[in-house]
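Novice: Structure file coords36.tsv (TSV, C-alpha atoms) right here:
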chain	number	residue	atom	x	y	z
A	1	LEU	CA	-262.19	212.06	-0.57
A	2	TYR	CA	-258.87	210.99	0.96
A	3	GLY	CA	-258.83	214.11	3.14
A	4	LEU	CA	-262.41	213.44	4.24
A	5	LEU	CA	-261.46	209.88	5.17
A	6	GLU	CA	-258.53	211.07	7.27
A	7	SER	CA	-260.74	213.66	9.00
A	8	THR	CA	-263.24	210.92	9.81
A	9	LYS	CA	-260.50	208.87	11.47
A	10	GLU	CA	-259.48	211.90	13.52
A	11	MET	CA	-263.05	212.48	14.63
A	12	TYR	CA	-263.39	208.81	15.58
A	13	ARG	CA	-260.26	209.02	17.77
A	14	GLU	CA	-261.69	212.11	19.48
A	15	ILE	CA	-265.00	210.32	20.11
A	16	LEU	CA	-263.22	207.35	21.66
A	17	HIS	CA	-261.14	209.62	23.90
A	18	GLN	CA	-264.21	211.61	24.94
A	19	GLN	CA	-265.92	208.32	25.81
A	20	LEU	CA	-262.91	207.43	27.97
A	21	LEU	CA	-263.25	210.74	29.82
A	22	THR	CA	-266.95	210.01	30.27
A	23	ASP	CA	-266.20	206.60	31.72
A	24	TYR	CA	-263.89	208.22	34.29
A	25	LYS	CA	-266.63	210.81	35.00
A	26	ILE	CA	-264.35	213.76	34.31
A	27	ASP	CA	-265.93	214.85	31.03
A	28	LYS	CA	-267.85	217.66	32.77
A	29	VAL	CA	-264.56	219.36	33.66
A	30	PHE	CA	-262.23	218.29	30.87
A	31	SER	CA	-264.12	219.41	27.79
A	32	ARG	CA	-263.48	221.75	24.91
A	33	THR	CA	-266.38	223.94	26.05
A	34	ASN	CA	-264.71	224.59	29.39
A	35	GLN	CA	-261.42	225.18	27.59
A	36	ASP	CA	-262.97	227.85	25.37
A	37	ARG	CA	-264.63	229.52	28.34
A	38	ALA	CA	-261.38	229.52	30.31
A	39	THR	CA	-259.39	231.02	27.42
A	40	TRP	CA	-261.91	233.83	27.01
A	41	LEU	CA	-261.83	234.47	30.76
A	42	THR	CA	-258.04	234.73	30.69
A	43	PHE	CA	-258.29	237.24	27.85
A	44	TYR	CA	-260.77	239.39	29.79
A	45	ILE	CA	-258.50	239.34	32.85
A	46	VAL	CA	-255.51	240.41	30.74
A	47	LEU	CA	-257.65	243.18	29.23
A	48	ILE	CA	-258.68	244.45	32.68
A	49	ILE	CA	-255.08	244.41	33.90
A	50	ASN	CA	-253.91	246.45	30.92
A	51	ILE	CA	-256.76	248.94	31.38
A	52	LEU	CA	-255.53	249.42	34.95
A	53	PHE	CA	-252.02	249.99	33.56
A	54	VAL	CA	-253.30	252.72	31.27
A	55	LEU	CA	-255.36	254.42	33.99
A	56	TYR	CA	-252.97	254.27	36.93
A	57	TYR	CA	-249.40	254.27	35.65
A	58	HIS	CA	-247.97	257.73	36.32
A	59	ALA	CA	-244.66	259.59	36.40
A	60	THR	CA	-243.42	261.86	39.22
A	61	ASN	CA	-240.22	263.83	39.71
A	62	VAL	CA	-238.07	262.55	42.57
A	63	PRO	CA	-234.47	263.12	43.71
A	64	CYS	CA	-232.06	260.94	41.82
A	65	PRO	CA	-231.09	257.82	43.81
A	66	ASP	CA	-227.82	255.97	43.81
A	67	ALA	CA	-226.77	254.00	40.76
A	68	ASN	CA	-227.54	250.73	42.53
A	69	ASP	CA	-231.19	251.61	43.10
A	70	ASP	CA	-233.55	249.26	41.24
A	71	ALA	CA	-236.42	251.72	40.98
A	72	ALA	CA	-237.93	252.37	37.56
A	73	LEU	CA	-236.34	255.76	36.90
A	74	VAL	CA	-235.85	257.76	33.75
A	75	TYR	CA	-233.22	260.49	33.81
A	76	THR	CA	-234.71	263.70	32.43
A	77	PRO	CA	-232.32	266.11	30.70
A	78	ASN	CA	-233.02	269.81	30.85
A	79	PHE	CA	-232.04	272.80	28.67
A	80	PHE	CA	-230.80	276.06	30.13
A	81	ASP	CA	-233.67	278.30	31.17
A	82	ASP	CA	-232.03	281.24	29.46
A	83	GLU	CA	-230.45	281.25	26.05
A	84	PRO	CA	-228.92	277.88	25.17
A	85	PRO	CA	-225.16	277.60	24.70
A	86	ASP	CA	-223.61	277.56	21.26
A	87	ASP	CA	-223.17	273.79	21.21
A	88	PHE	CA	-226.68	273.17	22.59
A	89	SER	CA	-225.21	270.89	25.25
A	90	LEU	CA	-227.53	269.60	27.93
A	91	LEU	CA	-227.22	270.20	31.63
A	92	ASP	CA	-226.97	267.26	33.97
A	93	PRO	CA	-230.48	266.20	34.90
A	94	PRO	CA	-231.56	267.97	38.10
A	95	PHE	CA	-234.09	265.26	38.92
A	96	CYS	CA	-235.27	261.80	37.96
A	97	THR	CA	-238.67	260.66	36.79
A	98	GLU	CA	-240.12	257.74	38.73
A	99	ILE	CA	-242.60	255.61	36.80
A	100	SER	CA	-244.94	253.55	38.96
A	101	LEU	CA	-248.55	252.64	39.61
A	102	ALA	CA	-250.54	255.32	41.36
A	103	HIS	CA	-252.10	253.56	44.35
A	104	PRO	CA	-251.21	250.56	46.53
A	105	GLU	CA	-254.79	249.31	46.08
A	106	VAL	CA	-254.25	249.15	42.32
A	107	ILE	CA	-251.00	247.24	42.78
A	108	ALA	CA	-252.77	244.72	45.04
A	109	THR	CA	-255.64	244.35	42.55
A	110	ILE	CA	-253.28	243.72	39.66
A	111	ARG	CA	-251.33	241.21	41.73
A	112	VAL	CA	-254.52	239.30	42.61
A	113	LEU	CA	-255.68	239.32	38.98
A	114	ASN	CA	-252.24	238.13	37.92
A	115	PHE	CA	-252.41	235.12	40.24
A	116	VAL	CA	-255.92	234.33	38.99
A	117	LEU	CA	-254.55	234.55	35.46
A	118	ILE	CA	-251.75	232.11	36.31
A	119	PHE	CA	-254.25	229.66	37.81
A	120	LEU	CA	-256.49	229.86	34.74
A	121	ALA	CA	-253.50	229.49	32.39
A	122	MET	CA	-252.50	226.33	34.25
A	123	PHE	CA	-256.08	225.09	34.06
A	124	VAL	CA	-256.26	225.72	30.29
A	125	LEU	CA	-252.94	223.92	29.79
A	126	LEU	CA	-254.15	220.97	31.87
A	127	LEU	CA	-257.40	220.85	29.89
A	128	TYR	CA	-255.52	220.75	26.60
A	129	LEU	CA	-253.13	218.08	27.89
A	130	VAL	CA	-256.04	215.88	28.92
A	131	VAL	CA	-258.49	216.56	26.09
A	132	ARG	CA	-256.34	216.97	23.00
A	133	VAL	CA	-252.77	215.74	23.55
A	134	PRO	CA	-253.67	212.01	23.85
A	135	VAL	CA	-255.55	212.22	20.54
A	136	ASN	CA	-252.52	213.80	18.86
A	137	TYR	CA	-250.27	211.09	20.28
A	138	GLN	CA	-252.54	208.32	18.97
A	139	SER	CA	-252.54	209.97	15.55
A	140	TYR	CA	-248.74	209.82	15.38
A	141	ILE	CA	-248.72	206.23	16.65
A	142	GLU	CA	-251.17	205.14	13.94
A	143	ALA	CA	-248.96	206.90	11.38
A	144	ASN	CA	-246.08	204.59	12.45
A	145	LYS	CA	-243.95	207.39	13.88
A	146	GLY	CA	-242.70	205.28	16.76
A	147	VAL	CA	-243.25	205.76	20.47
A	148	LEU	CA	-240.35	208.15	21.12
A	149	ASN	CA	-240.84	210.16	17.94
A	150	SER	CA	-244.59	210.36	18.56
A	151	ALA	CA	-244.02	211.66	22.08
A	152	LEU	CA	-241.57	214.27	20.77
A	153	LEU	CA	-243.92	215.40	18.00
A	154	THR	CA	-246.78	215.62	20.48
A	155	ALA	CA	-244.70	217.73	22.86
A	156	MET	CA	-243.65	220.03	20.02
A	157	ASP	CA	-247.22	220.58	18.88
A	158	PRO	CA	-247.66	224.34	18.20
A	159	VAL	CA	-250.81	224.65	20.32
A	160	THR	CA	-249.18	222.84	23.23
A	161	MET	CA	-246.13	225.11	23.01
A	162	TYR	CA	-248.45	228.10	22.80
A	163	TYR	CA	-250.19	227.27	26.09
A	164	PHE	CA	-246.83	226.63	27.81
A	165	PHE	CA	-245.59	229.99	26.52
A	166	TYR	CA	-248.79	231.68	27.72
A	167	LEU	CA	-248.32	230.24	31.20
A	168	ALA	CA	-244.67	231.36	31.26
A	169	LEU	CA	-245.64	234.94	30.33
A	170	SER	CA	-248.34	234.93	33.00
A	171	ILE	CA	-245.75	234.02	35.62
A	172	LEU	CA	-243.26	236.59	34.32
A	173	GLY	CA	-246.02	239.20	34.56
A	174	ILE	CA	-245.64	239.23	38.35
A	175	ARG	CA	-242.23	240.87	37.94
A	176	TYR	CA	-242.36	242.32	34.40
A	177	HIS	CA	-245.60	244.00	33.38
A	178	ILE	CA	-244.55	244.02	29.73
A	179	ALA	CA	-245.28	240.27	29.69
A	180	LEU	CA	-248.94	240.97	30.52
A	181	THR	CA	-249.20	243.38	27.61
A	182	ILE	CA	-247.83	240.75	25.21
A	183	LEU	CA	-250.67	238.44	26.29
A	184	LEU	CA	-253.11	240.82	24.57
A	185	LEU	CA	-251.96	239.21	21.31
A	186	ASP	CA	-254.03	236.18	22.39
A	187	PHE	CA	-256.85	238.09	20.70
A	188	VAL	CA	-255.44	236.91	17.36
A	189	SER	CA	-256.17	233.28	18.22
A	190	LYS	CA	-259.80	234.20	18.97
A	191	SER	CA	-260.51	236.44	15.98
A	192	PRO	CA	-260.67	234.90	12.49
A	193	THR	CA	-260.70	238.42	11.03
A	194	SER	CA	-257.36	239.32	12.62
A	195	GLN	CA	-255.94	235.99	11.44
A	196	SER	CA	-257.03	236.87	7.91
A	197	VAL	CA	-255.28	240.24	8.21
A	198	LEU	CA	-252.03	238.54	9.22
A	199	ALA	CA	-252.44	235.98	6.45
A	200	ALA	CA	-252.93	238.81	3.96
A	201	VAL	CA	-249.44	240.01	4.88
A	202	TYR	CA	-247.76	236.63	5.36
A	203	ASN	CA	-249.00	234.73	2.31
A	204	PRO	CA	-247.76	237.28	-0.28
A	205	ARG	CA	-244.55	237.88	1.71
A	206	LYS	CA	-242.33	237.31	-1.33
A	207	GLN	CA	-244.26	239.82	-3.42
A	208	ILE	CA	-244.18	242.35	-0.57
A	209	PHE	CA	-240.43	241.86	-0.16
A	210	MET	CA	-239.83	242.37	-3.87
A	211	THR	CA	-241.98	245.50	-3.76
A	212	LEU	CA	-239.76	246.88	-0.99
A	213	VAL	CA	-236.65	246.03	-3.02
A	214	LEU	CA	-238.09	247.78	-6.08
A	215	ALA	CA	-239.03	250.83	-3.99
A	216	PHE	CA	-235.51	250.97	-2.57
A	217	ILE	CA	-233.96	250.80	-6.05
A	218	VAL	CA	-236.21	253.58	-7.38
A	219	THR	CA	-235.49	255.75	-4.32
A	220	TYR	CA	-231.78	255.10	-4.71
A	221	ILE	CA	-231.89	256.13	-8.39
A	222	PHE	CA	-233.57	259.44	-7.52
A	223	ALA	CA	-231.09	260.03	-4.68
A	224	MET	CA	-228.13	259.46	-7.01
A	225	TYR	CA	-229.73	261.76	-9.58
A	226	MET	CA	-229.91	264.53	-6.98
A	227	VAL	CA	-226.31	263.93	-5.93
A	228	SER	CA	-225.13	263.98	-9.55
A	229	SER	CA	-227.00	267.21	-10.25
A	230	LEU	CA	-225.36	268.87	-7.24
A	231	ILE	CA	-221.89	267.70	-8.27
A	232	HIS	CA	-222.18	268.82	-11.87
Show me, as structure tokens, the structure contained in the file I just sent.
Specialist:
Amino acid sequence: LYGLLESTKEMYREILHQQLLTDYKIDKVFSRTNQDRATWLTFYIVLIINILFVLYYHATNVPCPDANDDAALVYTPNFFDDEPPDDFSLLDPPFCTEISLAHPEVIATIRVLNFVLIFLAMFVLLLYLVVRVPVNYQSYIEANKGVLNSALLTAMDPVTMYYFFYLALSILGIRYHIALTILLLDFVSKSPTSQSVLAAVYNPRKQIFMTLVLAFIVTYIFAMYMVSSLIH
């Protein structure tokens, strides 16, 4: 009953804040419905970008550049064509492998989608700051946390930090494509099933750790048994 009472207070604060947004005539834009739609749209854009990565990233052999070249190159070692030497040493690589996107049109498309993603990530963050953050701040104030402490706790809210981190990765994706692949993990926040899978590993973490310790001890005993049998 106490938890139900606290939830009722939280809902009442949200209703009052939503009424404030309605009075300012911005409730049509700053709403949780628009926030959900925007987050799903960002996920679809990230999915399309990564599909383009899979389809159009390719590797070609090119002459090795100077050491100061910033191109994405992987040095490819090569064995002797004939019989290998006794020490199986490798020859110096005769060429380098350049890893890049296949077509300039694809690069331009990904760049445009990346900027759209950044805009949507900023929009989602702004929506959350307007719709949810004031309610969180009022909750801390009513709990007698103090103005400064309430502001700090509101800023350190996990969801707020998550949206800031998402925006940062979206910006980094312009230069580092790996950041755009990490954003695929946003699927976890949208799928209760995947959250349950993670919880199934996290909640019994102590039991899983002790299972690994027990498996290591048993493996170690068998290894020492084999060593002892070889010695004697």
Novice: Could you jot down the atom CA of A:Gly146 to atom CA of A:Leu16 separation for me, Å, one decimal place?
Specialist: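 Those two atoms sit 21.2 Å apart.
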Novice: Which neighbours of A:Ile141 fall inside 12 Å, counting all atoms listed in the file, when residues of the same chain fewer than 5 positions from it are skipped, and could you give them as a list in words?
Specialist: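 Near neighbours after the sequence-gap exclusion: Arg13, Pro134, Val135, Asn136, Gly146, Val147, Leu148, Asn149, Ser150, Ala151, Leu152, Leu153 and Thr154 of chain A.
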Novice: When distances are computed from only C-alpha atoms, which of A:Leu21, A:Leu4, A:Leu184, A:Met226 shows the smallest separation from A:Ile48?
Specialist: A:Leu184
Novice: Please compute the atom CA of A:Leu127-atom CA of A:Tyr162 distance, one decimal, in Å.
Specialist: 13.5 Å
Novice: Could you please determine the separation between atom CA of A:Ala108 and atom CA of A:His58 in Å, to one decimal place?
Specialist: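 Atom-to-atom, atom CA of A:Ala108 to atom CA of A:His58, that is 16.4 Å.
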Novice: Of the candidates A:Thr109, A:Ser229, A:Gln19, A:Asn114, which shows the shortest atom-to-atom distance to A:Ala179, using only C-alpha atoms?
Specialist: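 Checking each candidate against A:Ala179, we get A:Asn114 as the closest.
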Novice: Ranking A:Leu5, A:Leu117, A:Ala102, A:Ile15 by minimum distance to A:Asp27 and counting only C-alpha atoms, which one comes first?
Specialist: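 With only C-alpha atoms as the atom set, the closest residue is A:Ile15.
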Novice: Under the rule that all atoms listed in the file are counted, which of A:Tyr128, A:Phe119, A:Phe53, A:Phe30 is the nearest residue to A:Ser100?
Specialist: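 The answer is A:Phe53, which sits nearest to A:Ser100.
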Novice: Using all atoms listed in the file, which residue out of A:Val201, A:Tyr225, A:Ser194, A:Thr160 lies closest to A:Arg132?
Specialist: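 Ranked by minimum distance to A:Arg132, first place goes to A:Thr160.
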Novice: For A:Phe123, which residue among A:Tyr57, A:Leu198, A:Asn34, A:Val62 is the nearest when counting only C-alpha atoms?
Specialist: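 Ranking A:Tyr57, A:Leu198, A:Asn34, A:Val62 by distance to A:Phe123, first place goes to A:Asn34.
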